[in-house]
file my_file.txt (compact mmCIF, C-alpha atoms)
# COMPACT_ATOMS: atom_id res chain seq x y z
CA MET A 1 69.47 -38.11 110.71
CA ASP A 2 70.13 -34.98 112.78
CA SER A 3 73.90 -35.45 112.59
CA GLU A 4 73.58 -35.86 108.82
CA ARG A 5 71.67 -32.59 108.64
CA GLU A 6 74.26 -30.80 110.79
CA LEU A 7 77.06 -32.08 108.58
CA LEU A 8 75.18 -30.92 105.50
CA LYS A 9 74.46 -27.49 107.00
CA GLY A 10 78.14 -26.71 107.36
CA ASN A 11 78.83 -27.79 103.79
CA THR A 12 75.94 -26.05 102.02
CA PRO A 13 78.21 -23.27 100.65
CA THR A 14 80.66 -25.86 99.29
CA LEU A 15 77.85 -27.79 97.59
CA ALA A 16 76.41 -24.59 96.13
CA LEU A 17 79.85 -23.57 94.80
CA ALA A 18 80.37 -27.03 93.30
CA VAL A 19 77.03 -26.87 91.50
CA LEU A 20 77.65 -23.31 90.27
CA ASN A 21 81.08 -24.32 88.99
CA ASP A 22 79.28 -26.20 86.22
CA GLY A 23 77.15 -23.25 85.17
CA PRO A 24 74.92 -20.43 86.42
CA LEU A 25 71.75 -21.39 88.27
CA HIS A 26 69.02 -19.88 90.46
CA GLY A 27 68.36 -20.90 94.08
CA TYR A 28 65.67 -23.45 93.25
CA GLY A 29 67.87 -24.91 90.50
CA ILE A 30 70.82 -25.25 92.89
CA ALA A 31 68.68 -27.17 95.39
CA ARG A 32 67.36 -29.49 92.65
CA GLU A 33 70.84 -30.04 91.22
CA ILE A 34 72.28 -31.00 94.63
CA GLU A 35 69.40 -33.43 95.04
CA ARG A 36 69.87 -34.86 91.56
CA ARG A 37 73.64 -35.29 91.81
CA SER A 38 73.36 -37.02 95.18
CA ASP A 39 70.52 -39.30 94.02
CA ASN A 40 68.23 -37.67 96.61
CA ALA A 41 70.62 -38.65 99.41
CA LEU A 42 71.39 -35.04 100.36
CA ARG A 43 68.11 -33.43 101.31
CA PHE A 44 68.34 -30.25 103.25
CA LYS A 45 66.04 -27.43 104.30
CA GLU A 46 66.14 -25.41 101.13
CA GLY A 47 65.58 -22.07 102.84
CA THR A 48 69.04 -22.34 104.42
CA LEU A 49 70.50 -22.04 100.94
CA TYR A 50 69.67 -18.31 100.74
CA PRO A 51 71.68 -17.09 103.76
CA ALA A 52 74.54 -19.26 102.43
CA LEU A 53 74.25 -17.69 98.96
CA HIS A 54 74.11 -14.23 100.53
CA ALA A 55 77.34 -14.99 102.44
CA LEU A 56 79.05 -16.29 99.29
CA GLU A 57 77.95 -13.20 97.37
CA ARG A 58 79.18 -10.95 100.18
CA GLU A 59 82.59 -12.65 100.07
CA GLY A 60 82.76 -12.15 96.32
CA LEU A 61 82.78 -15.88 95.55
CA ILE A 62 79.58 -15.69 93.47
CA VAL A 63 77.61 -12.93 91.77
CA GLY A 64 73.86 -12.82 91.39
CA GLU A 65 71.97 -11.14 88.56
CA TRP A 66 68.27 -10.95 87.74
CA GLU A 67 67.51 -12.57 84.41
CA ARG A 68 64.28 -12.90 82.48
CA GLU A 69 63.37 -16.42 81.52
CA GLY A 70 61.52 -17.55 78.40
CA ASN A 71 58.14 -17.37 80.15
CA GLY A 72 58.78 -13.75 81.16
CA ARG A 73 59.51 -14.69 84.74
CA GLU A 74 62.47 -13.02 86.43
CA ARG A 75 64.84 -15.05 88.50
CA LYS A 76 68.07 -14.27 90.30
CA VAL A 77 70.78 -16.36 88.69
CA TYR A 78 74.10 -16.94 90.43
CA ARG A 79 77.50 -17.30 88.76
CA ILE A 80 80.76 -18.40 90.30
CA THR A 81 83.66 -15.90 90.20
CA PRO A 82 87.38 -16.72 89.77
CA ALA A 83 87.78 -16.21 93.54
CA GLY A 84 84.92 -18.69 94.02
CA ILE A 85 86.66 -21.28 91.83
CA ALA A 86 89.85 -20.90 93.87
CA ASP A 87 87.87 -21.17 97.09
CA LEU A 88 86.09 -24.28 95.83
CA GLU A 89 89.44 -25.90 95.07
CA SER A 90 90.63 -25.12 98.57
CA ARG A 91 87.39 -26.45 100.10
CA THR A 92 87.60 -29.61 97.99
CA ARG A 93 91.18 -30.22 99.12
CA THR A 94 90.19 -29.75 102.77
CA TRP A 95 87.20 -32.04 102.37
CA ASN A 96 89.27 -34.77 100.65
CA THR A 97 91.88 -34.68 103.42
CA PHE A 98 89.16 -34.84 106.07
CA ALA A 99 87.22 -37.61 104.32
CA SER A 100 90.28 -39.77 103.73
CA ALA A 101 91.33 -39.32 107.39
CA ILE A 102 87.88 -40.41 108.57
CA GLU A 103 87.94 -43.31 106.15
CA ARG A 104 91.33 -44.43 107.47
CA VAL A 105 90.03 -44.31 111.05
CA LEU A 106 86.81 -46.16 110.24
CA GLY A 107 88.61 -48.75 108.17
CA GLY A 108 91.46 -49.03 110.68
CA HIS A 109 90.53 -52.59 111.71
CA ASN A 110 90.79 -53.76 108.15
CA ASN A 111 94.00 -52.26 106.79
CA GLY A 112 96.50 -54.57 108.37
CA THR A 113 96.97 -52.53 111.54
CA PRO A 114 97.13 -54.84 114.56
CA ALA A 115 93.93 -54.69 116.57
CA LEU A 116 94.03 -52.95 119.91
CA PRO A 117 93.36 -54.98 123.04
CA GLY A 118 89.64 -55.19 123.62
CA THR A 119 88.71 -55.12 119.92
CA PRO A 120 85.80 -57.50 119.34
CA PRO A 121 86.82 -60.72 117.56
CA ASN A 122 84.69 -59.95 114.52
CA LEU A 123 86.71 -56.77 113.93
CA ARG A 124 90.14 -58.39 114.42
CA THR A 125 92.25 -59.05 111.35
CA GLU A 126 95.66 -60.51 111.09
CA PRO A 127 98.35 -58.09 109.88
CA THR A 128 99.20 -58.60 106.24
CA SER A 129 102.72 -59.86 105.70
CA MET B 130 32.71 21.82 65.22
CA GLU B 131 32.92 18.28 66.11
CA HIS B 132 33.49 17.68 69.70
CA GLN B 133 36.23 15.20 70.21
CA HIS B 134 35.93 12.90 73.13
CA SER B 135 39.12 11.78 74.65
CA PRO B 136 38.93 8.04 75.01
CA GLU B 137 38.15 7.24 78.60
CA PRO B 138 40.44 4.69 80.10
CA ARG B 139 38.63 1.42 80.21
CA PRO B 140 38.44 0.03 83.69
CA THR B 141 40.57 -3.04 83.76
CA PHE B 142 38.89 -5.96 85.34
CA VAL B 143 41.12 -7.79 87.72
CA PRO B 144 39.42 -10.88 88.96
CA ASN B 145 39.79 -11.70 92.61
CA PRO B 146 42.14 -14.58 93.17
CA PRO B 147 40.45 -17.78 94.15
CA ALA B 148 40.16 -18.43 97.85
CA GLU B 149 42.84 -21.13 97.85
CA GLN B 150 45.33 -18.87 96.07
CA LYS B 151 44.57 -16.06 98.49
CA HIS B 152 45.09 -18.41 101.39
CA ARG B 153 48.41 -19.56 99.92
CA GLN B 154 49.61 -15.99 99.38
CA THR B 155 48.69 -15.05 102.93
CA ALA B 156 50.43 -18.14 104.30
CA PHE B 157 53.61 -17.50 102.29
CA ASP B 158 53.58 -13.80 103.21
CA ALA B 159 53.29 -14.52 106.92
CA TYR B 160 55.95 -17.23 106.66
CA LEU B 161 58.40 -14.94 104.83
CA ASP B 162 57.65 -12.03 107.17
CA ARG B 163 58.95 -14.04 110.09
CA ILE B 164 61.99 -15.31 108.19
CA CYS B 165 62.97 -11.88 106.84
CA LEU B 166 62.73 -10.10 110.18
CA PRO B 167 66.52 -10.06 110.86
CA LEU B 168 67.21 -8.64 107.39
CA ALA B 169 65.81 -5.28 108.44
CA ARG B 170 68.86 -4.75 110.67
CA THR B 171 71.36 -4.98 107.83
CA LEU B 172 69.75 -4.52 104.45
CA SER B 173 67.82 -1.73 102.80
CA ALA B 174 64.13 -2.15 102.02
CA ASP B 175 64.95 -2.75 98.33
CA GLU B 176 67.42 -5.50 99.14
CA ILE B 177 64.93 -7.16 101.48
CA THR B 178 62.31 -7.06 98.71
CA VAL B 179 64.78 -8.78 96.38
CA HIS B 180 65.57 -11.58 98.84
CA ARG B 181 61.92 -11.97 99.65
CA ALA B 182 60.96 -12.21 95.99
CA GLU B 183 63.69 -14.78 95.47
CA MET B 184 62.48 -16.95 98.34
CA LEU B 185 58.83 -16.53 97.31
CA ASP B 186 59.76 -17.70 93.82
CA HIS B 187 61.39 -20.80 95.33
CA LEU B 188 58.32 -21.47 97.49
CA GLU B 189 55.98 -21.11 94.51
CA ALA B 190 58.14 -23.51 92.46
CA LEU B 191 58.14 -26.07 95.29
CA TYR B 192 54.38 -25.68 95.70
CA ALA B 193 53.80 -26.23 91.98
CA ALA B 194 56.05 -29.30 92.06
CA HIS B 195 54.07 -30.80 94.95
CA LEU B 196 50.80 -30.12 93.13
CA GLU B 197 52.18 -31.86 90.06
CA LEU B 198 53.00 -34.88 92.17
CA GLY B 199 49.31 -35.11 93.01
CA CYS B 200 49.13 -33.49 96.45
CA SER B 201 46.07 -31.55 97.50
CA GLU B 202 46.53 -27.77 97.84
CA ALA B 203 46.63 -27.84 101.62
CA GLU B 204 49.03 -30.77 101.59
CA ALA B 205 51.26 -29.04 99.01
CA LEU B 206 51.36 -25.91 101.18
CA ARG B 207 52.38 -27.91 104.24
CA LEU B 208 55.03 -29.92 102.39
CA THR B 209 56.45 -26.79 100.75
CA GLN B 210 57.00 -25.07 104.08
CA GLU B 211 58.40 -28.27 105.56
CA GLN B 212 60.89 -28.67 102.71
CA PHE B 213 61.89 -25.00 102.83
CA GLY B 214 62.63 -25.13 106.56
CA LYS B 215 61.27 -24.19 109.95
CA GLU B 216 60.70 -20.47 110.43
CA ASN B 217 62.85 -20.15 113.53
CA GLN B 218 65.67 -22.15 111.94
CA LEU B 219 65.72 -19.89 108.87
CA HIS B 220 65.28 -16.80 111.03
CA ASN B 221 68.39 -17.82 113.01
CA ALA B 222 70.34 -18.60 109.85
CA TRP B 223 69.58 -15.14 108.46
CA GLN B 224 70.33 -13.51 111.81
CA THR B 225 73.77 -15.15 111.92
CA GLU B 226 74.46 -14.12 108.35
CA CYS B 227 73.31 -10.53 108.94
CA GLU B 228 75.47 -10.25 112.04
CA ALA B 229 78.47 -11.59 110.11
CA ALA B 230 77.72 -9.14 107.29
CA LEU B 231 77.68 -6.21 109.72
CA LEU B 232 80.84 -7.29 111.51
CA ASN B 233 82.73 -7.77 108.25
CA ALA B 234 81.35 -4.72 106.49
CA GLU B 235 83.76 -2.39 104.68
CA THR B 236 82.60 0.42 106.93
CA PRO B 237 83.05 -1.05 110.40
CA HIS B 238 80.08 -0.90 112.72
CA PHE B 239 81.50 -0.25 116.17
CA ARG B 240 78.06 -0.38 117.77
CA VAL B 241 77.31 -3.83 116.38
CA GLY B 242 80.56 -5.22 117.72
CA TYR B 243 79.97 -3.51 121.04
CA ARG B 244 76.47 -4.99 121.34
CA LEU B 245 77.82 -8.45 120.59
CA ALA B 246 80.62 -8.01 123.14
CA VAL B 247 78.22 -6.79 125.85
CA ARG B 248 76.01 -9.84 125.27
CA ARG B 249 78.96 -12.23 125.49
CA PHE B 250 80.47 -10.59 128.58
CA CYS B 251 77.09 -10.41 130.27
CA PHE B 252 76.74 -14.13 129.76
CA ALA B 253 80.32 -14.80 130.89
CA PHE B 254 80.05 -12.66 134.05
CA LEU B 255 76.61 -13.97 134.84
CA PHE B 256 77.85 -17.54 134.66
CA SER B 257 80.96 -16.79 136.71
CA SER B 258 78.87 -14.89 139.30
CA ILE B 259 76.44 -17.73 139.72
CA PHE B 260 79.22 -20.27 139.77
CA GLY B 261 81.37 -18.23 142.17
CA GLY B 262 78.41 -17.54 144.46
CA GLY B 263 77.52 -21.21 144.53
CA MET B 264 81.10 -22.16 145.29
CA MET B 265 81.12 -19.86 148.30
CA LEU B 266 78.75 -22.25 150.01
CA LEU B 267 81.46 -24.82 150.57
CA PRO B 268 83.73 -22.67 152.77
CA LEU B 269 80.70 -22.09 155.00
CA ASN B 270 80.73 -25.75 155.81
CA ALA B 271 83.15 -25.91 158.72
CA ALA B 272 83.51 -29.67 158.39
CA ALA B 273 85.08 -29.39 154.91
CA PRO B 274 88.79 -30.37 154.91
CA GLN B 275 91.32 -27.62 154.36
CA HIS B 276 92.95 -29.05 151.23
CA LEU B 277 89.55 -29.39 149.60
CA LEU B 278 88.79 -25.75 150.37
CA ILE B 279 92.05 -24.60 148.77
CA SER B 280 91.57 -26.64 145.60
CA TRP B 281 87.94 -25.51 145.50
CA PHE B 282 89.04 -21.90 145.74
CA CYS B 283 91.62 -22.39 142.97
CA PHE B 284 89.00 -24.01 140.77
CA ASP B 285 86.65 -21.11 141.49
CA LEU B 286 89.31 -18.57 140.53
CA THR B 287 90.14 -20.49 137.35
CA ILE B 288 86.52 -20.52 136.22
CA LEU B 289 86.10 -16.85 137.17
CA SER B 290 89.01 -15.82 134.97
CA LEU B 291 88.38 -18.36 132.22
CA CYS B 292 84.89 -17.05 131.49
CA PRO B 293 85.93 -13.50 130.49
CA PHE B 294 88.96 -14.90 128.69
CA LEU B 295 86.83 -17.18 126.50
CA ALA B 296 84.31 -14.41 125.92
CA GLY B 297 87.22 -12.16 124.91
CA VAL B 298 88.54 -14.75 122.44
CA HIS B 299 85.08 -15.04 120.93
CA VAL B 300 84.75 -11.26 120.62
CA GLY B 301 88.23 -11.05 119.10
CA ARG B 302 87.33 -13.62 116.48
CA ARG B 303 83.98 -12.06 115.60
CA VAL B 304 84.59 -8.32 115.86
CA ARG B 305 86.87 -6.98 113.17
CA TYR B 306 87.00 -3.34 114.21
CA ARG B 307 88.97 -2.61 117.42
CA PRO B 308 88.15 -5.82 119.30
CA VAL B 309 90.38 -5.04 122.29
CA LEU B 310 88.85 -1.61 122.90
CA THR B 311 85.38 -3.08 122.36
CA SER B 312 86.15 -5.74 124.98
CA LEU B 313 87.32 -3.12 127.46
CA LEU B 314 84.19 -1.01 126.99
CA ALA B 315 81.93 -4.06 127.20
CA THR B 316 83.66 -5.20 130.40
CA LEU B 317 83.25 -1.76 131.92
CA THR B 318 79.56 -1.79 131.02
CA THR B 319 78.80 -5.24 132.33
CA CYS B 320 80.87 -4.99 135.48
CA LEU B 321 78.53 -2.32 136.81
CA MET B 322 75.69 -4.81 136.75
CA ILE B 323 77.34 -8.08 137.64
CA PRO B 324 78.83 -7.21 141.07
CA THR B 325 75.41 -6.07 142.22
CA LEU B 326 73.98 -9.40 141.22
CA TYR B 327 76.91 -11.25 142.71
CA LEU B 328 76.69 -9.43 146.05
CA THR B 329 72.93 -9.86 146.23
CA MET B 330 73.38 -13.56 145.72
CA LEU B 331 76.17 -13.80 148.26
CA TYR B 332 74.10 -11.91 150.79
CA ALA B 333 71.15 -14.21 150.16
CA LEU B 334 73.38 -17.24 150.66
CA TYR B 335 75.25 -15.95 153.71
CA SER B 336 72.20 -14.66 155.48
CA ARG B 337 70.95 -18.24 155.86
CA PHE B 338 73.81 -18.97 158.23
CA PRO B 339 73.87 -17.67 161.81
CA GLY B 340 76.54 -15.18 162.76
CA THR B 341 76.95 -13.70 159.29
CA PRO B 342 78.94 -10.49 159.57
CA HIS B 343 77.30 -7.27 158.48
CA ILE B 344 78.17 -6.39 154.87
CA ASP B 345 78.85 -2.81 153.93
CA TRP B 346 77.20 -2.90 150.52
CA LEU B 347 78.72 0.20 149.00
CA SER B 348 82.32 -0.56 149.88
CA ALA B 349 81.89 -4.23 148.92
CA TRP B 350 80.37 -3.20 145.62
CA LEU B 351 83.18 -0.73 144.94
CA ARG B 352 85.88 -3.22 145.89
CA LEU B 353 84.43 -5.90 143.69
CA ASP B 354 84.05 -3.43 140.84
CA CYS B 355 87.66 -2.37 141.17
CA PHE B 356 88.71 -6.02 141.27
CA ILE B 357 86.78 -6.82 138.11
CA ILE B 358 88.07 -3.78 136.28
CA ALA B 359 91.63 -4.43 137.39
CA VAL B 360 91.69 -8.19 136.82
CA MET B 361 88.88 -9.24 134.52
CA SER B 362 89.26 -6.45 131.94
CA PRO B 363 92.90 -7.25 131.14
CA ILE B 364 92.00 -10.95 130.95
CA ALA B 365 89.14 -10.16 128.57
CA MET B 366 91.34 -7.83 126.52
CA THR B 367 94.09 -10.45 126.28
CA GLY B 368 91.49 -12.95 125.09
CA ALA B 369 90.20 -10.48 122.52
CA GLY B 370 93.72 -9.78 121.26
CA LEU B 371 94.45 -13.49 120.95
CA GLY B 372 91.12 -14.12 119.20
CA HIS B 373 91.79 -11.29 116.76
CA TRP B 374 95.29 -12.55 116.08
CA SER B 375 94.11 -16.13 115.52
CA ARG B 376 91.46 -14.89 113.09
CA ARG B 377 93.99 -12.87 111.11
CA PHE B 378 96.45 -15.75 111.13
CA GLY B 379 93.73 -18.15 109.94
CA ARG B 380 92.75 -15.80 107.11
CA ARG B 381 96.37 -15.41 106.01
CA LYS B 382 96.75 -19.19 105.97
CA ILE B 383 93.62 -19.59 103.82
CA ALA B 384 94.88 -16.88 101.45
CA SER B 385 98.27 -18.58 101.13
CA ASN B 386 96.55 -21.94 100.47
CA ARG B 387 94.71 -20.33 97.56
call {"tool": "encode", "arguments": {"input": "my_file.txt", "output": "structure tokens"}}
result
Amino acid sequence: MDSERELLKGNTPTLALAVLNDGPLHGYGIAREIERRSDNALRFKEGTLYPALHALEREGLIVGEWEREGNGRERKVYRITPAGIADLESRTRTWNTFASAIERVLGGHNNGTPALPGTPPNLRTEPTS
Amino acid sequence: MEHQHSPEPRPTFVPNPPAEQKHRQTAFDAYLDRICLPLARTLSADEITVHRAEMLDHLEALYAAHLELGCSEAEALRLTQEQFGKENQLHNAWQTECEAALLNAETPHFRVGYRLAVRRFCFAFLFSSIFGGGMMLLPLNAAAPQHLLISWFCFDLTILSLCPFLAGVHVGRRVRYRPVLTSLLATLTTCLMIPTLYLTMLYALYSRFPGTPHIDWLSAWLRLDCFIIAVMSPIAMTGAGLGHWSRRFGRRKIASNR
């Protein structure tokens, strides 16, 4: 659970950018959208979102503006910038490369690669011809 | 003549908030006070108010959502703070962000970089002093074989030089404005303190053994200071230069990927 949280912490900016790529949202909305899209699998400490948003805003990847909602309440709404879209593409590429590499390692016993000596019998598979 | 009375402003009646609401406001205020503490170093009062209002809005929304789910008010308050994050965790997250903001600011903050470098070099020299002092115990053992003493000494020297080098790399990566000069100044600052600590420790260790030669503190202190300035500073500066270069190279690579 802790390792999951650590992994998530490093990727909070990427998740926020991905959510904002589909439209402007406020902090609370971003947190809810991440939760909704992941079917409640990605639950993080929502307060950590604000330093991440501040960093993204500082780097010019998003812009925040105060907007008045229908009920008269003011909320800071964030929008992704063209630089943010480019950065998201780069982050997505990096993540895909990383994820596929991990997947290859984890699935190594099952993709026809001969098993290393000492591999338990239940993980051994015969190489495909 | 008719005397015209100017309409007196009617006193507006503002009801006191219920006790639970007051309690909630106090709890959220205290919670946000602790989280927003690092912001004061970087942001103006107006900017802090904006971030605070934004986080308070999020907390209120979470609280309302928990109430809707059927929690009691006290339970909703607890769950809201739990979901938002621990105070020290958020405090640290903001502190890291504020430090990064200062180090990457358009107007470079030399003092911020210098403070960071002094902290890192203090830690590096402190570790190497303690480690080096501890290692000196082995040569005092006459029964230790010669080859072990030599490899021990080499290991000691490696650690002693590796610590400032790594601290330098870290400073080079974090400090944007004149990292090499910052490293030099930070080394000069910390090396005044560390040899004193190192010699005190050595004296404390040696004095336990009979026949310890008399140590001339001033000359030993000066010699060690000269050694650190002459050897450790260039190592630290090389590390800072390398760190700075690797950061710039990394940024260029990211830019070209875009």
call {"tool": "atom_distance", "arguments": {"input": "my_file.txt", "atom1": "atom CA of B:Leu208", "atom2": "atom CA of B:Leu196"}}
result
10.2 Å
call {"tool": "residues_around", "arguments": {"input": "my_file.txt", "residues": "stretch 173-180 of chain B", "least_positions_apart": "3", "cutoff": "10 Å", "atoms": "all atoms listed in the file", "output": "PyMOL selection string"}}
result
(chain A and resi 50-51+54+66+76) or (chain B and resi 161+165-170+183-186)
call {"tool": "interface_residues", "arguments": {"input": "my_file.txt", "of": "chain A", "to": "chain B", "cutoff": "10 Å", "atoms": "only C-alpha atoms", "output": "VMD selection string"}}
result
chain A and resid 26 to 29 31 43 to 52 54 to 55 58 to 59 66 73 to 77 83 85 to 91 93
call {"tool": "closest_residue", "arguments": {"input": "my_file.txt", "among": "A:Ala16, A:Ile80, A:Leu25, A:Ala41", "to": "A:Leu53", "atoms": "all atoms listed in the file"}}
result
A:Ala16
call {"tool": "atom_distance", "arguments": {"input": "my_file.txt", "atom1": "atom CA of A:Asn21", "atom2": "atom CA of A:Asn40"}}
result
20.0 Å
call {"tool": "closest_residue", "arguments": {"input": "my_file.txt", "among": "B:Ala156, B:Met366, B:Leu198, B:Leu371", "to": "B:Arg302", "atoms": "only C-alpha atoms"}}
result
B:Leu371
call {"tool": "atom_distance", "arguments": {"input": "my_file.txt", "atom1": "atom CA of A:Val19", "atom2": "atom CA of A:Thr97"}}
result
20.6 Å
